[in-house]
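Have a look at the structure below before the remarks.
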Amino acid sequence: MEAWWGVVGGGEVGQALLHFKHGVIDETNRLDSWVTGTDCCGWAGIACDNSTGQVIRNLSKLHMLCLGKFSNENYPPLESTSMTSMKWVASLAMLQHLDMSGVDLSKAVDWLPVINTLPSLVQLHLSGCNLANIHPYVPSLNLTSLSLLDLSYNDFHSSVPKWIFSIISLVSLDLSGCDFHGPVPSSIYSFRNLTSLKLLHVNRNAFMNSSFVLKELSSSNLISLDISVCGVSNIGS
C-alpha cells in the first residue's frame, strides 16, 4: 500500500482511517496495524512528517482517489477487494475523481447516498462493482459538477432511474451491460435533458429498443454512441 493517505493529525485521523478499514474486507491482512488507540503514524501505509508528527497530506482535501484493482511491487495483485460500506468516503469533501472499478460493493447499499454528499465530484467510475441497488428514488441530487458517470457492468435488472437524467452536467455516461429494461421515464426525465452529453455507451440494455429513445438521441450532440446488443433493428426509423 502506497503512502498516499492524507489527514491532519489528531483524533480525526484515526477515525477517518478506521472508517475506511471497517468498510473493507482485508483478505491480505494489510491493515492489521490499524488499531484503535495506537498512533496512526505507525500504521502500515501511513507516512508522517517527522517534525510535526502529522500525516503528510490532508485526506479531507484529497481530490483524486483510485482504489479499483490496485496493486504494487510489495504486494500481489488483489483479485477480489470488497467493501461493506461507503460511509468513510463522506469525509472526502473535496473529492473530484473517484475510481472504485472492480471493487465488490454488493454489500455497500449506502453507495449512492454517500456519493451524493460529494458536491465537488467530477468523475465517478464504478464499473463492475456488483452494485445491486440502483436507488430508483433520490429526493435531492447534489452531483451538480459530475461530468463522467460510469456504472457499466453492474446487473441492476431494473428500469433506468430518473436521477441519472437529472445530472445535466454529464458529458460522458456509460451504462453498458447494466441490464436496464422497460420504458425510459417521461420526457421530463430523459436523454433530452443531458444536453452536454458527448459520449453515451448503453450496449446490452433492453430499454434502448425504443424508437422514442432513438428519436431523442438523433438530435443530440453525441460524438460516441454504442447501442450494440440492444435489439435495435432499424436505427434510421
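Residues are named by chain letter and number: chains run A, B, ... in the order of the C-alpha cells, numbers start at 1 in each chain, and ligands are numbered from 1 in the order shown.
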Handout entry: All residues 12 Å or closer to Ala206 (chain A), only C-alpha atoms, same chain fewer than 3 positions away omitted, as an NGL selection string
Key = :A and (157-160 or 175-184 or 202-203 or 209-210 or 213 or 227-232)
Handout entry: Residue neighbourhood Leu146 (chain A), 9 Å, only C-alpha atoms, exclusion window fewer than 2 positions, as a list in words
Key =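 Returned residues: Gln96, Pro119, Ser120, Leu121, Val122, Gln123, Leu124, Leu143, Thr144, Leu148, Leu149, Ile167, Ile168, Ser169, Leu170 and Val171 of chain A.
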Might you pull out every residue within 7 Å of Ser82 (chain A), with only C-alpha atoms counted and same-chain residues fewer than 4 positions away left off, and present them as an mmCIF file with C-alpha atoms, in the first residue's frame?
```
data_model
loop_
_atom_site.group_PDB
_atom_site.id
_atom_site.type_symbol
_atom_site.label_atom_id
_atom_site.label_comp_id
_atom_site.auth_asym_id
_atom_site.auth_seq_id
_atom_site.Cartn_x
_atom_site.Cartn_y
_atom_site.Cartn_z
ATOM 1 C CA VAL A 24 -13.028 -3.072 3.683
ATOM 2 C CA ILE A 25 -12.769 -6.847 3.711
ATOM 3 C CA VAL A 103 -14.188 -3.347 -6.111
ATOM 4 C CA ASP A 104 -17.019 -5.553 -4.848
ATOM 5 C CA LEU A 105 -19.645 -3.167 -3.439
#
```
Handout entry: Who sits within 8 Å of Cys129 (chain A), only C-alpha atoms, same chain under 2 positions skipped, as number ranges by chain
Key = A: 100-106, 126-127, 131, 153-154
Exercise for the section: Could you give me, as a list in words, each residue of region 105-195 of chain A that DSSP assigns to strand (DSSP E or B) when run on this structure's backbone? Expected result: Gln123, Leu124, His125, Leu148, Leu149, Asp150, Ser172, Leu173 and Asp174 of chain A
Deliver the residues from the most recent selection as a file, using C-alpha atoms, as a short mmCIF file (atom, residue, chain, number, x, y, z; two decimals), in the first residue's frame.
```cif
data_model
loop_
_atom_site.label_atom_id
_atom_site.label_comp_id
_atom_site.auth_asym_id
_atom_site.auth_seq_id
_atom_site.Cartn_x
_atom_site.Cartn_y
_atom_site.Cartn_z
CA GLN A 123 -15.73 11.81 -12.33
CA LEU A 124 -17.24 8.64 -10.83
CA HIS A 125 -16.05 5.23 -12.02
CA LEU A 148 -18.46 11.49 -16.13
CA LEU A 149 -20.54 8.63 -14.74
CA ASP A 150 -19.52 5.01 -15.37
CA SER A 172 -19.86 11.02 -20.58
CA LEU A 173 -22.32 8.31 -19.49
CA ASP A 174 -21.55 4.59 -19.59
#
```
